[in-house]
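Student: Here you go, one structure.
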Amino acid sequence: MTGRPVSEPGARPGLILAAVAVVQFMVSLDLSVVNVGLPRIAAGLGFGAAGLTWVIHAYALTFGGLLLLGGKAADRYGRRRVLLLGLGLFGLASLAGGFAQEPGHLVAARAVQGIGAAALAPAALALLTATFPAGRARVRAFGVWSAVNAAGGALGVLIGGLLTEYASWRWVMFVNVPMAVCALALAWRAVAADPPPVRGGRPDVLGAVLATSGMTLLVFGVVRTDQYAWTSPVTLATLAVAAALLAAFVHVERTTTREPLVRLGLFANRSVAGANAFILLVGAAMASAFYFLSLYLQQVLGTGPALTGIMFLPFALGVIAGSALAVKLGYRLAPRTLLVIGGLLTATGFAWFGLISPDGAFTTDVLGPSILASTGFGLCLAPVVSVATAGVAPHETGIASGLLNSSRQIGASLGLAALGTAAHNRTGRTATPEALNDGYALGLTLGAVLLLAAVLIALAVLRRSSPPSRAGQAGEPDAHPTPPAPAATSDPPPIQAAGGPAGATRPPARPRAWSRRD
C-alpha cells in the first residue's frame with residue numbers, strides 16, 4: 001500500500017480535496033449561520049413569530065427529505081454532474097435569498113438551498129471516497145474533511161452574528177455565493193468527466209416527493225394551529241392529507257419497480273429503528289434549542305447579534321469535547337449506555353435552560369446549561385451511528401447512515417414546528433420580554449421532555465450489550481467514530497476520521513467495542 005490516491009484518469013486529487021473541503025464547510029456553515037440573524041430577518045421582511053420558523057423548516061425538510069435521493073442520483077448519473085448541479089442550485093438560491101423582499105421569497109430560496117445541499121453533500125463525499133480509497137492519502141483527506149466539517153458547524157453562529165451586526169442579515173445568505181462559485185470552479189477543473197449514466201433501476205423520485213410533501217404538509221398543519229385550532233376543519237384536513245401522502249410513500253416503497261429510497265425491512269432491525277427514533281427526538285430538541293436561545297439572547301436580554309454568536313461558541317466547543325470523550329469511553333462502555341448517559345446529561349441541560357428569566361445572566365442562564373447539554377449531545381453522536389449500522393448488511397450501511405441523517409433533519413423540522421407553536425401560544429399576542437421569556441422557557445422545557453423520551457427509547461428498544469473485553473479495548477486504538485450526517489448511497493470502505501457537530505459522513509470505522517450485537 002503506497003498511500004497514493006487511486007483516482008480516475010484526468011482527476012486531480014489535490015484540487016478535488018480542496019473542492020470537497022469548501023463544499024463541506026459551506027454545508028456545515030449553513031446549518032447554523034442563519035439562526036443568529038433570525039430577529040433581524042423577521043424585522044426586515046415582516047415575518048410573524050410562527051412564520052419565522054419556516055426559514056429553518058424549508059431547508060431542513062428538503063435537505064432531509066431528498067438526501068437519500070441525492071445519493072442515489074450521484075451513483076446513477078455521475079458524481080460530477082450531481083455535484084455541479086447541486087452547487088449551482090445552492091449558489092443561485094443563496095443569491096436569491098439575499099435579495100428576498102418578502103417572507104415567501106426567503107422561504108422558497110431556503111427550500112431550493114436544501115435541494116441543492118441534498119444533491120451536493122452525498123456527491124462530494126462519494127467523490128472524496130473514490131479519489132482517496134486507501135492509504136495515508138485517505139487518512140489525510142478525511143482529516144481535512146473532518147476539520148472543515150467541525151469548523152463550519154462551530155463557526156456558523158459566530159460568522160452569522162458578525163455578518164448580521166456589521167453588514168446585514170442578507171449576508172448570511174450572500175456568504176454562500178463566493179464559496180459555491182469557488183467550489184464549482186475547482187470541481188469543474190479537477191473532477192474527471194463522468195461515465196455514461198448507469199442503466200438499470202432508476203431512483204424512486206415519486207417516493208422522495210411523497211415523503212417530502214407529506215412531512216412539509218404535516219409541519220404546515222402544526223405551525224398553523226396558531227390561526228386554526230387543532231380541531232378546526234382546516235387543521236384536520238391538512239393533517240389528514242399529510243397522513244395520506246406519508247401512507248402513499250410507504251406503499252410506493254413496498255411496491256415500486258424502481259430502486260426504493262430505503263428498504264422498509266431495515267426497520268425490522270431494532271438497532272436501526274431505535275437509533276432513528278432516538279436521533280429524531282434529539283434532533284427535534286437541539287434545533288429548537290438553537291432557535292429559542294438565539295431569540296432569548298437577543299429579544300429578551302437585548303444582546304447584539306455579534307455577541308450572541310460569541311455566546312454560542314461554548315455550546316459548539318462542548319459538542320466537539322463530548323464527541324472526543326465518546327471515543328475514549330467507547331472502549332469501556334456499550335453504545336446503548338453512552339446514549340443513555342448522553343441523553344440524560346442533555347436533558348438536564350435543557351431542564352436548566354427552562355429556568356431562564358427576563359432578568360437572567362449569560363453565566364447562569366446560558367453558559368452553565370450549554371456546557372451540560374452540548375457535552376451530552378456530543379456523547380451521543382458517535383454511538384448513535386454505531387447503533388444505526390449494527391447488524392446491517394455491508395451493501396446497506398450507506399443507506400443506514402443516510403437514513404439516520406434524514407431522521408435528524410426531519411426531527412429538527414417537526415420538533416421546531418411543535419415546540420415553536422407551543423412557545424408562541426404561551427407567549428400570546430403581547431410580545432413583551434416577560435411573555436417571550438415564558439414562551440421560550442416552555443419550549444426548552446418541552447425539549448427536555450423529548451430528550452427523556454429518547455432515553456426511554458434507548459432503554460426499551462436497543463438491546464443490552466456487555467462491556468468490551470481487554471482485547472477489544474486494545475484492538476483498534478486509533479478508530480475515531482464520527483457523528484451522523486448525510487451519506488452517499490454507494491458503499492466505500494469504512495473511514496477513520498473524527499468529525500464535528502454537523503455534516504456528512506459515511507458510517508465510521510467502529511472500535512471492536514462497538515462491533516458487537518447491540
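How things are named: the first chain in the C-alpha cells is A, the next is B, and so on; residues count from 1 in each chain; ligands count from 1 in the order shown.
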Quick one: which region 332-439 of chain A residues come within 8 Å of region 270-281 of chain A, and what is the nearest atom pair for each with the distance in Å to one decimal, counting only C-alpha atoms, rows ordered by chain and ascending number, as JSON lines?

Tutor:
```
{"residue": "A:Val384", "atom": "CA", "partner": "A:Ala275", "partner_atom": "CA", "distance": 5.8}
{"residue": "A:Val385", "atom": "CA", "partner": "A:Ala275", "partner_atom": "CA", "distance": 7.7}
{"residue": "A:Val387", "atom": "CA", "partner": "A:Ser271", "partner_atom": "CA", "distance": 5.5}
{"residue": "A:Ala388", "atom": "CA", "partner": "A:Val272", "partner_atom": "CA", "distance": 4.5}
{"residue": "A:Thr389", "atom": "CA", "partner": "A:Val272", "partner_atom": "CA", "distance": 6.7}
{"residue": "A:Ala390", "atom": "CA", "partner": "A:Ser271", "partner_atom": "CA", "distance": 6.4}
{"residue": "A:Gly391", "atom": "CA", "partner": "A:Ser271", "partner_atom": "CA", "distance": 7.7}
{"residue": "A:Ala400", "atom": "CA", "partner": "A:Val272", "partner_atom": "CA", "distance": 7.4}
{"residue": "A:Leu403", "atom": "CA", "partner": "A:Asn276", "partner_atom": "CA", "distance": 7.7}
{"residue": "A:Leu404", "atom": "CA", "partner": "A:Asn276", "partner_atom": "CA", "distance": 5.6}
{"residue": "A:Ser407", "atom": "CA", "partner": "A:Leu280", "partner_atom": "CA", "distance": 5.2}
{"residue": "A:Arg408", "atom": "CA", "partner": "A:Leu280", "partner_atom": "CA", "distance": 4.9}
{"residue": "A:Gln409", "atom": "CA", "partner": "A:Leu280", "partner_atom": "CA", "distance": 7.7}
{"residue": "A:Ile410", "atom": "CA", "partner": "A:Leu280", "partner_atom": "CA", "distance": 7.0}
{"residue": "A:Gly411", "atom": "CA", "partner": "A:Leu280", "partner_atom": "CA", "distance": 4.3}
{"residue": "A:Ala412", "atom": "CA", "partner": "A:Leu280", "partner_atom": "CA", "distance": 7.3}
{"residue": "A:Gly415", "atom": "CA", "partner": "A:Leu281", "partner_atom": "CA", "distance": 7.6}
```

Student: Please provide as a list in words all residues within 9 Å of Gly51 (chain A), with the sequence filter that same-chain residues fewer than 5 positions apart are discarded (counting only C-alpha atoms).

Tutor: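 The neighbour list is Ala42, Pro103, Val223 and Arg224 of chain A.
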
Student: Using the selection just defined, write its residues with C-alpha atoms as an mmCIF file, in the first residue's frame.

Tutor:
```cif
data_model
loop_
_atom_site.group_PDB
_atom_site.id
_atom_site.type_symbol
_atom_site.label_atom_id
_atom_site.label_comp_id
_atom_site.auth_asym_id
_atom_site.auth_seq_id
_atom_site.Cartn_x
_atom_site.Cartn_y
_atom_site.Cartn_z
ATOM 1 C CA ALA A 42 -38.141 38.933 10.959
ATOM 2 C CA PRO A 103 -41.098 36.231 3.554
ATOM 3 C CA VAL A 223 -47.449 25.562 12.602
ATOM 4 C CA ARG A 224 -50.807 26.981 11.508
#
```

Student: Which residues, written as a ChimeraX atom specification, have at least one atom at most 12 Å from region 168-178 of chain A, with only C-alpha atoms counted and residues fewer than 6 positions away on the same chain left out?

Tutor: /A:22-45,55,87-101,106-107,109-110,113,117,152,156-162,184-185,305-306

Student: Here is a test: counting only C-alpha atoms, which residue of A:Ser406, A:Thr421, A:Thr212, A:Thr445 is nearest to Leu52 (chain A)?

Tutor: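 The shortest atom-to-atom distance to Leu52 (chain A) comes from A:Thr421.
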
Student: For region 226-238 of chain A, please output as an MDAnalysis selection string all residues within 8 Å (counting only C-alpha atoms; exclusion window: fewer than 5 positions along the same chain).

Tutor: chainID A and resid 50 217:218 220:221 421 424:425

Student: Would you save the residues of that selection, restricted to N, CA and C atoms, as a compact mmCIF listing (two decimals), in the first residue's frame?

Tutor:
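So part_3.txt came out as:
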```txt
# COMPACT_ATOMS: atom_id res chain seq x y z
N ALA A 50 -44.66 32.69 14.24
CA ALA A 50 -44.75 31.32 13.76
C ALA A 50 -44.16 31.17 12.37
N LEU A 217 -46.32 19.16 4.64
CA LEU A 217 -47.72 19.44 4.97
C LEU A 217 -48.00 19.18 6.44
N LEU A 218 -47.36 18.18 7.01
CA LEU A 218 -47.52 17.91 8.44
C LEU A 218 -47.01 19.08 9.28
N PHE A 220 -46.65 22.14 8.21
CA PHE A 220 -47.53 23.28 7.89
C PHE A 220 -48.78 23.24 8.74
N GLY A 221 -49.37 22.05 8.88
CA GLY A 221 -50.58 21.93 9.69
C GLY A 221 -50.33 22.24 11.15
N THR A 421 -44.68 26.24 18.05
CA THR A 421 -46.11 26.55 18.18
C THR A 421 -46.52 26.64 19.64
N HIS A 424 -45.19 29.89 21.03
CA HIS A 424 -45.96 31.03 20.51
C HIS A 424 -47.30 31.13 21.23
N ASN A 425 -47.96 30.01 21.47
CA ASN A 425 -49.24 30.03 22.18
C ASN A 425 -49.07 30.50 23.62
```

Student: Mind checking DSSP for region 25-166 of chain A and telling me the alpha helix (DSSP H) residues as a PyMOL selection string?

Tutor: chain A and resi 25-30+38-45+54-77+79-98+103-131+135-166
